[in-house]
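Data from coords.cif: mmCIF, C-alpha atoms
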data_upload
loop_
_atom_site.label_atom_id
_atom_site.label_comp_id
_atom_site.auth_asym_id
_atom_site.auth_seq_id
_atom_site.Cartn_x
_atom_site.Cartn_y
_atom_site.Cartn_z
CA MET A 23 166.67 -18.04 -119.81
CA ARG A 24 164.27 -15.43 -121.18
CA TYR A 25 164.85 -11.89 -120.00
CA VAL A 26 162.16 -9.29 -120.65
CA ILE A 27 162.77 -5.56 -120.20
CA VAL A 28 159.92 -3.04 -120.15
CA GLY A 29 161.36 0.31 -121.21
CA ASN A 30 164.01 1.24 -123.74
CA SER A 31 166.20 3.97 -122.29
CA ALA A 32 169.30 4.13 -120.07
CA ALA A 33 168.24 1.47 -117.53
CA ALA A 34 167.30 -0.95 -120.33
CA VAL A 35 170.65 -0.46 -122.05
CA GLY A 36 172.43 -0.97 -118.73
CA CYS A 37 170.45 -4.15 -118.12
CA ILE A 38 171.25 -5.57 -121.57
CA THR A 39 174.93 -4.79 -121.00
CA GLY A 40 174.87 -6.44 -117.56
CA ILE A 41 173.10 -9.57 -118.78
CA ARG A 42 175.52 -10.06 -121.66
CA LYS A 43 178.52 -9.77 -119.32
CA VAL A 44 177.32 -13.01 -117.73
CA ASP A 45 174.91 -14.75 -120.09
CA LYS A 46 175.84 -14.75 -123.78
CA GLU A 47 173.06 -17.04 -124.93
CA GLY A 48 169.87 -16.14 -123.06
CA GLU A 49 167.02 -14.49 -124.96
CA ILE A 50 166.46 -10.77 -124.34
CA VAL A 51 163.21 -9.00 -125.26
CA VAL A 52 162.69 -5.23 -124.95
CA ILE A 53 159.18 -3.74 -124.88
CA SER A 54 158.61 -0.02 -125.46
CA TYR A 55 155.78 2.20 -126.65
CA GLU A 56 158.40 4.48 -128.21
CA ASP A 57 160.08 3.65 -131.51
CA ARG A 58 163.74 4.21 -130.68
CA CYS A 59 166.34 4.29 -127.90
CA TYR A 60 167.32 7.94 -127.52
CA SER A 61 169.03 10.22 -125.00
CA LYS A 62 166.23 11.94 -123.09
CA PRO A 63 168.49 14.65 -121.59
CA MET A 64 169.11 15.90 -125.14
CA ILE A 65 165.56 16.29 -126.47
CA ALA A 66 165.50 20.10 -126.14
CA ASP A 67 168.12 20.14 -128.92
CA VAL A 68 165.30 19.21 -131.31
CA LEU A 69 164.12 22.82 -131.14
CA VAL A 70 167.22 24.04 -132.98
CA ASP A 71 167.04 21.49 -135.82
CA PHE A 72 169.49 19.14 -134.14
CA PRO A 73 169.60 15.95 -136.30
CA GLU A 74 167.41 13.30 -134.68
CA GLU A 75 169.92 10.55 -135.42
CA LYS A 76 172.35 12.30 -133.07
CA LEU A 77 169.83 11.88 -130.26
CA LEU A 78 170.13 8.10 -130.42
CA TYR A 79 171.48 6.59 -127.22
CA ARG A 80 171.97 3.18 -128.81
CA ASP A 81 171.40 2.37 -132.46
CA GLU A 82 170.13 -0.82 -134.09
CA LYS A 83 173.66 -2.20 -134.24
CA PHE A 84 173.78 -2.37 -130.42
CA PHE A 85 170.57 -4.40 -130.24
CA ALA A 86 171.62 -6.66 -133.11
CA GLU A 87 175.06 -7.36 -131.62
CA ASN A 88 173.46 -8.22 -128.27
CA ARG A 89 170.77 -10.33 -130.00
CA VAL A 90 167.89 -8.34 -128.53
CA THR A 91 164.35 -8.69 -129.86
CA GLN A 92 162.50 -5.36 -129.75
CA ILE A 93 158.74 -4.98 -129.48
CA LEU A 94 158.28 -1.28 -130.23
CA GLY A 95 155.19 0.87 -130.52
CA HIS A 96 153.30 -1.12 -127.88
CA ARG A 97 152.71 -0.39 -124.22
CA ALA A 98 152.89 -2.99 -121.45
CA ILE A 99 149.63 -2.61 -119.49
CA SER A 100 149.85 -5.35 -116.85
CA ILE A 101 152.00 -8.10 -115.38
CA ASN A 102 150.83 -11.49 -114.10
CA PRO A 103 153.64 -12.70 -111.82
CA GLU A 104 152.02 -16.11 -111.28
CA SER A 105 152.04 -17.03 -114.96
CA LYS A 106 155.07 -14.80 -115.62
CA VAL A 107 153.37 -12.91 -118.42
CA VAL A 108 153.47 -9.26 -119.54
CA VAL A 109 150.26 -8.13 -121.26
CA LEU A 110 150.57 -5.57 -124.06
CA ASP A 111 147.99 -3.05 -125.26
CA SER A 112 147.72 -5.13 -128.44
CA GLY A 113 146.57 -8.12 -126.42
CA GLU A 114 149.86 -9.94 -127.02
CA LEU A 115 151.22 -11.95 -124.08
CA VAL A 116 154.99 -11.88 -123.51
CA THR A 117 156.36 -14.55 -121.20
CA TYR A 118 159.46 -14.06 -119.06
CA ASP A 119 161.80 -15.88 -116.70
CA LYS A 120 163.31 -12.66 -115.36
CA LEU A 121 161.70 -9.25 -115.79
CA LEU A 122 163.05 -5.72 -115.49
CA ILE A 123 160.63 -2.83 -115.01
CA SER A 124 162.29 0.35 -116.31
CA THR A 125 159.25 2.46 -117.06
CA GLY A 126 160.93 5.77 -116.23
CA ALA A 127 159.11 8.82 -114.95
CA VAL A 128 156.11 10.85 -116.06
CA PRO A 129 155.82 14.64 -116.03
CA PHE A 130 154.06 16.18 -113.06
CA VAL A 131 151.28 18.46 -114.27
CA PRO A 132 149.39 20.27 -111.49
CA PRO A 133 145.64 20.83 -111.86
CA ILE A 134 145.83 24.10 -113.81
CA GLU A 135 142.54 25.27 -115.27
CA GLY A 136 142.81 25.26 -119.06
CA SER A 137 145.78 22.90 -119.24
CA ASN A 138 143.91 20.81 -121.84
CA LYS A 139 144.01 23.60 -124.43
CA LYS A 140 146.02 23.37 -127.62
CA GLY A 141 149.47 24.82 -127.09
CA VAL A 142 150.20 23.25 -123.70
CA PHE A 143 153.10 20.81 -123.67
CA THR A 144 155.30 18.78 -121.35
CA PHE A 145 158.89 18.07 -122.32
CA THR A 146 160.08 14.67 -121.15
CA GLU A 147 159.75 12.63 -124.35
CA LEU A 148 160.92 13.05 -127.92
CA SER A 149 157.35 12.88 -129.22
CA SER A 150 156.28 15.81 -127.03
CA ALA A 151 159.34 17.84 -128.05
CA LYS A 152 158.64 17.22 -131.74
CA ALA A 153 154.95 18.07 -131.30
CA PHE A 154 155.93 21.35 -129.62
CA LYS A 155 158.36 22.19 -132.42
CA GLU A 156 155.66 21.52 -135.01
CA TYR A 157 153.18 23.66 -133.09
CA ILE A 158 155.67 26.53 -133.05
CA LYS A 159 156.01 26.43 -136.84
CA GLU A 160 152.33 25.94 -137.67
CA ASN A 161 151.08 28.64 -135.28
CA ASP A 162 153.81 31.24 -135.71
CA VAL A 163 154.58 31.15 -131.99
CA LYS A 164 156.32 34.29 -130.74
CA GLU A 165 155.84 34.09 -126.95
CA VAL A 166 156.16 31.07 -124.64
CA ILE A 167 155.59 30.65 -120.91
CA VAL A 168 157.72 27.96 -119.24
CA ILE A 169 156.38 26.82 -115.86
CA GLY A 170 159.27 25.70 -113.67
CA SER A 171 162.96 26.62 -113.56
CA GLY A 172 164.46 23.17 -113.14
CA PHE A 173 166.95 21.71 -115.58
CA ILE A 174 164.33 20.85 -118.22
CA GLY A 175 162.59 24.22 -118.02
CA LEU A 176 165.81 26.21 -118.31
CA GLU A 177 167.09 24.14 -121.21
CA VAL A 178 163.82 24.60 -123.10
CA ALA A 179 163.94 28.35 -122.37
CA TYR A 180 167.52 28.60 -123.64
CA PHE A 181 166.85 26.82 -126.92
CA LEU A 182 163.67 28.80 -127.52
CA ARG A 183 165.78 31.94 -127.30
CA GLU A 184 168.21 30.34 -129.76
CA ILE A 185 165.41 30.31 -132.35
CA GLY A 186 164.28 33.84 -131.52
CA ILE A 187 161.21 33.16 -129.40
CA ASN A 188 160.49 35.33 -126.36
CA VAL A 189 160.39 33.29 -123.15
CA THR A 190 159.18 33.96 -119.64
CA VAL A 191 159.94 31.40 -116.95
CA VAL A 192 157.44 31.34 -114.07
CA GLU A 193 158.85 29.84 -110.87
CA LEU A 194 157.04 29.23 -107.58
CA LEU A 195 160.25 29.55 -105.57
CA ASP A 196 162.51 32.60 -105.31
CA ARG A 197 165.29 31.52 -107.68
CA VAL A 198 166.24 29.16 -110.50
CA LEU A 199 167.31 25.60 -109.77
CA ALA A 200 166.47 26.18 -106.11
CA LYS A 201 166.47 22.45 -105.36
CA ALA A 202 169.67 21.69 -107.24
CA LEU A 203 172.01 24.67 -106.79
CA ASP A 204 173.11 26.88 -103.95
CA LYS A 205 172.01 30.53 -103.91
CA ARG A 206 175.17 31.89 -105.53
CA GLY A 207 175.05 29.24 -108.25
CA SER A 208 171.43 30.15 -108.96
CA GLU A 209 172.36 33.82 -109.27
CA ILE A 210 175.06 33.02 -111.81
CA VAL A 211 172.79 30.79 -113.90
CA GLU A 212 169.97 33.33 -113.82
CA LYS A 213 172.30 36.11 -115.02
CA MET A 214 173.57 33.99 -117.92
CA LEU A 215 170.00 33.25 -118.99
CA ARG A 216 168.87 36.87 -118.58
CA ASP A 217 171.83 37.88 -120.77
CA LYS A 218 170.42 35.43 -123.32
CA GLY A 219 167.08 37.24 -123.16
CA VAL A 220 165.10 34.91 -120.90
CA ASN A 221 162.62 36.67 -118.55
CA PHE A 222 161.80 35.40 -115.06
CA ILE A 223 158.86 35.74 -112.69
CA PHE A 224 159.61 34.34 -109.22
CA ASN A 225 157.43 33.62 -106.19
CA ASN A 226 154.49 33.06 -108.50
CA THR A 227 152.73 30.37 -110.48
CA VAL A 228 150.20 29.86 -113.28
CA GLU A 229 146.66 29.34 -111.97
CA LYS A 230 144.73 29.48 -115.24
CA ILE A 231 145.48 29.09 -118.94
CA GLU A 232 143.18 31.17 -121.14
CA GLY A 233 142.06 30.95 -124.75
CA ASP A 234 139.20 29.48 -126.76
CA GLU A 235 140.82 26.39 -128.21
CA LYS A 236 144.41 27.58 -128.26
CA VAL A 237 146.44 29.25 -125.54
CA THR A 238 146.34 33.05 -125.62
CA SER A 239 147.43 34.02 -122.10
CA VAL A 240 147.94 32.83 -118.53
CA ILE A 241 146.66 34.22 -115.25
CA LEU A 242 149.20 34.10 -112.44
CA LYS A 243 148.52 33.58 -108.75
CA SER A 244 149.34 37.27 -108.28
CA GLY A 245 146.46 38.14 -110.61
CA ASP A 246 148.72 39.34 -113.40
CA ILE A 247 147.81 38.34 -116.96
CA VAL A 248 150.65 37.42 -119.31
CA LYS A 249 150.01 36.95 -123.02
CA THR A 250 151.53 33.85 -124.57
CA ASP A 251 151.18 31.60 -127.61
CA ALA A 252 152.19 28.38 -125.84
CA VAL A 253 152.93 26.94 -122.40
CA VAL A 254 155.55 24.36 -121.44
CA VAL A 255 154.95 22.64 -118.09
CA ALA A 256 158.38 21.69 -116.69
CA ILE A 257 157.72 21.42 -112.97
CA GLY A 258 159.27 17.98 -112.55
CA VAL A 259 158.64 14.26 -112.92
CA ARG A 260 157.28 11.41 -110.83
CA PRO A 261 158.21 7.72 -110.96
CA ASN A 262 155.99 5.79 -113.36
CA THR A 263 154.84 2.94 -111.11
CA ASP A 264 151.51 2.00 -112.70
CA LEU A 265 152.76 -1.18 -114.37
CA ALA A 266 154.60 -2.32 -111.24
CA LYS A 267 151.42 -2.00 -109.17
CA THR A 268 149.59 -4.45 -111.46
CA ALA A 269 152.07 -7.12 -110.36
CA GLY A 270 151.79 -6.38 -106.64
CA VAL A 271 155.25 -4.82 -106.57
CA GLU A 272 155.87 -2.68 -103.48
CA VAL A 273 155.77 1.04 -104.22
CA ASN A 274 156.63 3.92 -101.90
CA ARG A 275 157.76 7.20 -103.47
CA GLY A 276 158.96 4.98 -106.30
CA ILE A 277 159.32 1.24 -106.83
CA VAL A 278 161.06 -0.30 -103.83
CA THR A 279 164.10 -2.45 -104.64
CA GLY A 280 166.63 -4.32 -102.55
CA ASP A 281 170.41 -4.14 -102.74
CA HIS A 282 170.41 -6.32 -105.87
CA MET A 283 167.71 -4.29 -107.66
CA ALA A 284 165.11 -7.01 -107.03
CA THR A 285 161.56 -6.09 -106.02
CA ASN A 286 159.43 -7.91 -103.47
CA VAL A 287 157.97 -10.06 -106.28
CA LYS A 288 160.04 -13.07 -107.30
CA ASP A 289 162.03 -12.66 -110.55
CA ILE A 290 160.93 -9.04 -111.05
CA TYR A 291 163.60 -6.33 -110.90
CA ALA A 292 163.39 -2.56 -111.39
CA ALA A 293 165.79 0.24 -112.31
CA GLY A 294 165.87 3.83 -113.47
CA ASP A 295 163.60 6.80 -112.88
CA CYS A 296 160.69 4.59 -111.77
CA ILE A 297 162.44 3.48 -108.56
CA GLU A 298 163.59 5.07 -105.34
CA CYS A 299 167.23 4.43 -104.54
CA LEU A 300 169.80 5.16 -101.86
CA ASP A 301 171.27 8.66 -101.99
CA ILE A 302 174.84 8.10 -100.80
CA THR A 303 175.24 11.68 -99.63
CA ASP A 304 172.48 11.64 -97.00
CA GLY A 305 171.67 7.94 -96.63
CA GLN A 306 168.01 8.37 -97.59
CA ARG A 307 166.05 6.43 -100.19
CA LYS A 308 164.36 8.68 -102.74
CA PRO A 309 163.66 9.03 -106.47
CA LEU A 310 166.80 10.21 -108.28
CA PRO A 311 165.72 10.60 -111.92
CA LEU A 312 169.15 10.87 -113.51
CA PHE A 313 170.30 9.27 -116.76
CA PRO A 314 173.71 7.95 -115.58
CA LEU A 315 172.20 6.44 -112.42
CA ALA A 316 169.54 4.69 -114.50
CA PHE A 317 172.27 2.98 -116.54
CA GLU A 318 174.16 1.91 -113.39
CA GLN A 319 171.01 0.52 -111.79
CA GLY A 320 170.06 -1.32 -114.96
CA PHE A 321 173.59 -2.71 -115.27
CA VAL A 322 173.54 -4.06 -111.71
CA ALA A 323 170.03 -5.46 -112.25
CA GLY A 324 171.19 -7.23 -115.41
CA LEU A 325 174.15 -8.82 -113.66
CA ASN A 326 171.89 -10.12 -110.90
CA MET A 327 169.19 -11.30 -113.29
CA ALA A 328 171.85 -13.35 -115.06
CA GLY A 329 173.05 -14.90 -111.79
CA LYS A 330 176.00 -12.71 -110.79
CA GLU A 331 175.33 -11.27 -107.33
CA VAL A 332 176.36 -7.62 -107.30
CA GLU A 333 175.14 -5.09 -104.77
CA TYR A 334 173.99 -1.65 -105.87
CA LEU A 335 175.77 0.77 -103.54
CA GLY A 336 173.54 3.78 -104.10
CA GLY A 337 173.53 6.82 -106.34
CA LEU A 338 175.12 10.24 -106.28
CA PRO A 339 172.84 13.10 -107.36
CA LEU A 340 174.72 14.75 -110.21
CA ASN A 341 173.46 17.42 -112.61
CA SER A 342 174.99 19.50 -115.35
CA LEU A 343 174.08 22.40 -117.63
CA LYS A 344 176.47 22.44 -120.56
CA PHE A 345 174.51 24.56 -123.04
CA LEU A 346 175.13 27.86 -121.23
CA GLU A 347 178.03 30.24 -121.84
CA LYS A 348 179.72 28.69 -118.82
CA PRO A 349 179.22 25.00 -117.91
CA VAL A 350 177.49 24.26 -114.60
CA LEU A 351 177.91 21.06 -112.64
CA ASN A 352 176.81 20.06 -109.15
CA ALA A 353 176.81 16.89 -107.11
CA GLY A 354 175.43 15.78 -103.77
CA ILE A 355 174.50 18.29 -101.09
CA VAL A 356 174.93 21.91 -102.22
CA GLU A 357 173.33 23.76 -99.29
CA PRO A 358 174.32 22.57 -95.78
CA PRO A 359 171.17 21.70 -93.79
CA ASP A 360 172.75 22.64 -90.46
CA ASP A 361 175.97 23.99 -88.93
CA SER A 362 177.60 20.57 -88.67
CA TYR A 363 178.71 20.98 -92.29
CA GLU A 364 181.79 22.89 -93.41
CA VAL A 365 181.62 25.07 -96.51
CA ILE A 366 184.63 26.09 -98.61
CA VAL A 367 184.09 28.60 -101.43
CA ASN A 368 186.28 29.91 -104.23
CA ASP A 369 184.23 32.59 -106.00
CA GLN A 370 186.15 34.11 -108.88
CA PHE A 371 183.24 34.32 -111.27
CA GLU A 372 183.21 38.09 -111.74
CA LYS A 373 186.99 38.32 -112.18
CA LYS A 374 188.00 35.04 -113.80
CA GLY A 375 184.74 33.34 -114.79
CA TYR A 376 184.59 30.45 -112.37
CA TYR A 377 182.93 29.52 -109.07
CA ARG A 378 183.57 26.50 -106.89
CA LYS A 379 182.08 25.36 -103.62
CA ALA A 380 182.70 22.25 -101.51
CA ILE A 381 180.46 20.89 -98.74
CA ILE A 382 182.18 18.74 -96.10
CA LYS A 383 180.66 16.63 -93.32
CA ASP A 384 182.77 14.69 -90.80
CA ASN A 385 185.88 15.30 -92.94
CA ARG A 386 184.23 13.78 -96.01
CA LEU A 387 183.21 15.60 -99.16
CA VAL A 388 179.42 15.30 -99.57
CA GLY A 389 178.77 17.85 -102.32
CA PHE A 390 180.16 20.49 -104.62
CA VAL A 391 179.23 23.14 -107.18
CA ALA A 392 181.48 23.96 -110.14
CA ILE A 393 180.67 26.71 -112.64
CA GLY A 394 182.85 27.94 -115.49
CA GLU A 395 185.72 25.49 -115.01
CA ILE A 396 184.75 21.84 -114.57
CA ASP A 397 188.01 20.10 -115.40
CA ARG A 398 188.88 17.23 -113.08
CA VAL A 399 185.58 17.38 -111.20
CA GLY A 400 185.38 13.64 -111.80
CA ILE A 401 187.93 13.29 -109.02
CA LEU A 402 185.58 15.15 -106.68
CA THR A 403 182.68 12.82 -107.49
CA ASN A 404 184.95 9.87 -106.76
CA LEU A 405 185.90 11.36 -103.40
CA ILE A 406 182.19 11.60 -102.54
CA ARG A 407 181.35 8.10 -103.71
CA GLN A 408 184.35 6.55 -101.98
CA LYS A 409 183.65 8.52 -98.76
CA ILE A 410 187.33 9.36 -98.48
CA ASN A 411 188.64 11.41 -95.56
CA VAL A 412 189.66 14.76 -97.08
CA SER A 413 190.82 16.50 -93.90
CA GLY A 414 194.35 16.88 -95.24
CA ILE A 415 193.37 18.30 -98.63
CA LYS A 416 190.04 20.06 -98.08
CA ASP A 417 191.36 23.55 -98.83
CA ARG A 418 192.56 22.26 -102.21
CA LEU A 419 189.15 20.91 -103.25
CA VAL A 420 187.98 24.24 -104.69
CA SER A 421 191.23 25.03 -106.50
CA LEU A 422 191.25 24.90 -110.31
CA ASP A 423 194.47 22.90 -110.34
CA PHE A 424 193.23 20.29 -107.85
CA GLY A 425 194.02 16.87 -109.27
CA LEU A 426 195.35 13.38 -108.68
CA VAL A 427 198.67 14.81 -107.57
CA ASP A 428 196.91 16.07 -104.42
CA LEU A 429 195.97 12.51 -103.43
CA PRO A 430 198.26 9.97 -101.75
CA GLN A 431 199.58 7.51 -104.33
CA LYS A 432 197.89 4.58 -102.58
CA TRP A 433 194.48 6.25 -103.00
CA ARG A 434 195.02 6.79 -106.71
CA LYS A 435 195.06 3.04 -107.27
CA GLU A 436 192.91 1.56 -104.52
CA LYS A 437 190.26 4.25 -104.20
CA LEU A 438 189.98 5.68 -107.71
CA VAL A 439 191.23 3.18 -110.29
CA GLU A 440 189.79 0.12 -108.52
CA ASP A 441 186.56 1.90 -107.68
CA LYS A 442 183.75 -0.53 -106.90
CA THR A 443 181.17 2.25 -106.81
CA ALA A 444 181.77 2.69 -110.56
CA TYR A 445 180.90 -1.02 -111.06
CA LYS A 446 184.03 -1.57 -113.15
CA ASP A 447 185.38 -4.45 -111.05
CA TRP A 448 182.17 -6.54 -111.04
CA ARG A 449 184.00 -9.82 -111.87
CA ALA A 450 185.82 -9.65 -108.52
CA TRP A 451 182.57 -9.43 -106.58
#
How would this structure read if it were set down as structure tokens?
Amino acid sequence: MRYVIVGNSAAAVGCITGIRKVDKEGEIVVISYEDRCYSKPMIADVLVDFPEEKLLYRDEKFFAENRVTQILGHRAISINPESKVVVLDSGELVTYDKLLISTGAVPFVPPIEGSNKKGVFTFTELSSAKAFKEYIKENDVKEVIVIGSGFIGLEVAYFLREIGINVTVVELLDRVLAKALDKRGSEIVEKMLRDKGVNFIFNNTVEKIEGDEKVTSVILKSGDIVKTDAVVVAIGVRPNTDLAKTAGVEVNRGIVTGDHMATNVKDIYAAGDCIECLDITDGQRKPLPLFPLAFEQGFVAGLNMAGKEVEYLGGLPLNSLKFLEKPVLNAGIVEPPDDSYEVIVNDQFEKKGYYRKAIIKDNRLVGFVAIGEIDRVGILTNLIRQKINVSGIKDRLVSLDFGLVDLPQKWRKEKLVEDKTAYKDWRAW
């Protein structure tokens, strides 16, 4: 059996791991236009001279031990499912028996006039982060505009302040992390970043980037002109589905996969940020570009590619900010969409430095926010994934000392230790 994986990040590593759980002998080939397997959520660390080797997600030893052949520095440009061939930009043809598409996501860059000038960067790949860092040094950058206050934008802003650069974050909505955090959580995060020296402009956006060749300023929708030496576009990402489309793979908001991570095209699977998957908190299929979910999806895909039928049960949206003074973590639904949800809050941030919020629907935990103290929140994520009835313990969910002792002993073993949603018990499936 010849397994070919396009992409070399979390989903690819998960797929290799899944294949080798079942098939120890089959050939595995990884194709990537990048030159290493690194942790994309950590690339902002490059700005503060973080050693690049510490960014590695898996080193060469992992690929050698799993007998993986890597074709690096080349991009897959098309797939012929009839002849089972992947065509590379070099003209090389790579044959496969089973194929995983894990092409990730691409940054969304709106049509801003002047966005082609020198000094405009996105921040989703190591190469772009390194290019930005080099530009800062070569051009004596003192001021930066960051467009977007999502997780990437805020992390970039924070690390720019760490190296003494003035930063202004421009956000179209009225608060930071508006799509990921509740209003109170956003307030807390904004204050921590303002204390760090980050400036914010809300309810506004960049309509034009000015300068001859290099960026010198931006014009906002409000008409205000803000001087800047560089611009980072961090509005968000979109599934990279171009390669999948060449093979006739079904694409909606992302690549469409079934319960076993297979696409509509025989022997082609997909996983990671390029797909849309089931959100277990609301039952809808959508892109969930999250590193841990990409690994899980790749792992399940690998098991199935190697002949072990394992169903992917869906993903839990989970985000964290650990570089701030106080850690921030959220999962699932953080703002109830209607009054059928119950909200429990424990806000001690001003007095004791922590904030917790639980969202409950039909006696089941469907989301939470934890800031300042995030110990044992893994139990909360398990409660969401397992869809456990929490009616008897819901007031304890936001307590700092909430733990396994609050759960019936039977749950501790059956629901948490033997947790199928964590894909630990795949042999029993």
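Residues selected in this file by the PyMOL selection byres ((chain A and resi 58) around 8) comprise A:Asn30, A:Glu56, A:Asp57, A:Cys59, A:Tyr60, A:Leu78, A:Leu94.
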**Item:** Residues returned when the PyMOL selection byres ((chain A and resi 421) around 10) runs on this file, as a ChimeraX atom specification
**Value:** /A:367-368,377-379,416-420,422-425
Could you please take those selected residues and save C-alpha atoms as a PDB file, in the frame of the given file?
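Dumped to again.pdb:
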ATOM      1  CA  VAL A 367     184.090  28.600-101.430  1.00  0.00           C
ATOM      2  CA  ASN A 368     186.280  29.910-104.230  1.00  0.00           C
ATOM      3  CA  TYR A 377     182.930  29.520-109.070  1.00  0.00           C
ATOM      4  CA  ARG A 378     183.570  26.500-106.890  1.00  0.00           C
ATOM      5  CA  LYS A 379     182.080  25.360-103.620  1.00  0.00           C
ATOM      6  CA  LYS A 416     190.040  20.060 -98.080  1.00  0.00           C
ATOM      7  CA  ASP A 417     191.360  23.550 -98.830  1.00  0.00           C
ATOM      8  CA  ARG A 418     192.560  22.260-102.210  1.00  0.00           C
ATOM      9  CA  LEU A 419     189.150  20.910-103.250  1.00  0.00           C
ATOM     10  CA  VAL A 420     187.980  24.240-104.690  1.00  0.00           C
ATOM     11  CA  LEU A 422     191.250  24.900-110.310  1.00  0.00           C
ATOM     12  CA  ASP A 423     194.470  22.900-110.340  1.00  0.00           C
ATOM     13  CA  PHE A 424     193.230  20.290-107.850  1.00  0.00           C
ATOM     14  CA  GLY A 425     194.020  16.870-109.270  1.00  0.00           C
TER      15      GLY A 425
END
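The interatomic distance for the pair CA of Leu351 (chain A) and CA of Asp397 (chain A) works out to 10.5 Å.
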**Item:** Long-range neighbours of region 248-250 of chain A as a PyMOL selection string, 6 Å cut-off, only C-alpha atoms, 6 positions minimum in chain
**Value:** chain A and resi 165-166+238-240
**Request:** For Val178 (chain A), work out the shell of residues within 6 Å, counting all atoms listed in the file and skipping chain neighbours fewer than 3 positions away, then give it as a ChimeraX atom specification.
**Result:** /A:66,175,181
**Request:** Taking the file above as input, evaluate the PyMOL selection byres ((chain A and resi 321-329) around 6) and report the hits as a list in words.
**Result:**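 On this input, the PyMOL selection byres ((chain A and resi 321-329) around 6) captures Gly36, Cys37, Gly40, Ile41, Met283, Phe317, Glu318, Gln319, Gly320, Lys330 and Glu331 of chain A.
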**Prompt:** Could you name the residues that touch Asp119 (chain A) at 7 Å or less, counting only C-alpha atoms, but leaving out those on the same chain fewer than 3 positions away, as a list in words?
**Reply:** Met23, Arg24, Tyr25, Lys106 and Asp289 of chain A
**Prompt:** Taking into account all atoms listed in the file, which residue in the set A:Phe173, A:Tyr376, A:Phe143, A:Tyr79 is nearest to Asn341 (chain A)?
**Reply:**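 Among A:Phe173, A:Tyr376, A:Phe143, A:Tyr79, it is A:Phe173 that comes nearest to Asn341 (chain A).
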**Among listed residues A:Leu77, A:Val365, A:Val35, A:Cys296, nearest Val90 (chain A) (using only C-alpha atoms)** =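 Closest to Val90 (chain A), using only C-alpha atoms: A:Val35.
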**Asked** Taking only C-alpha atoms into account, which of A:Tyr157, A:Tyr118, A:Tyr55, A:Phe371 comes nearest Ala392 (chain A)?
**Response** A:Phe371
**Prompt:** What gap, in Å, lies between CA of Val116 (chain A) and CA of Ala98 (chain A)?
**Reply:** 9.4 Å
**Request:** Go through A:Lys236, A:Asp384, A:Val391, A:Lys348 one by one, measure the shortest atom-to-atom distance of each to Ser362 (chain A) using all atoms listed in the file, and give the residue with the smallest value.
**Result:** A:Asp384
**Request:** Please write as a list of chain:residue names the list of polymer residues whose atoms come within 10 Å of (162.2, 28.1, -128.1), counting only C-alpha atoms and keeping to the coordinates of the file.
**Result:**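 Applying the cut-off with only C-alpha atoms, one gets A:Ala66, A:Asp67, A:Val68, A:Leu69, A:Val70, A:Phe154, A:Lys155, A:Ile158, A:Val163, A:Lys164, A:Glu165, A:Val166, A:Val168, A:Glu177, A:Val178, A:Ala179, A:Tyr180, A:Phe181, A:Leu182, A:Arg183, A:Glu184, A:Ile185, A:Gly186, A:Ile187, A:Asn188, A:Val189.
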**Request:** Kindly give the distance, in Å, that separates CA of Gly305 (chain A) and CA of Val278 (chain A), rounded to a single decimal.
**Result:**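 Pair CA of Gly305 (chain A) / CA of Val278 (chain A) returns 15.2 Å.
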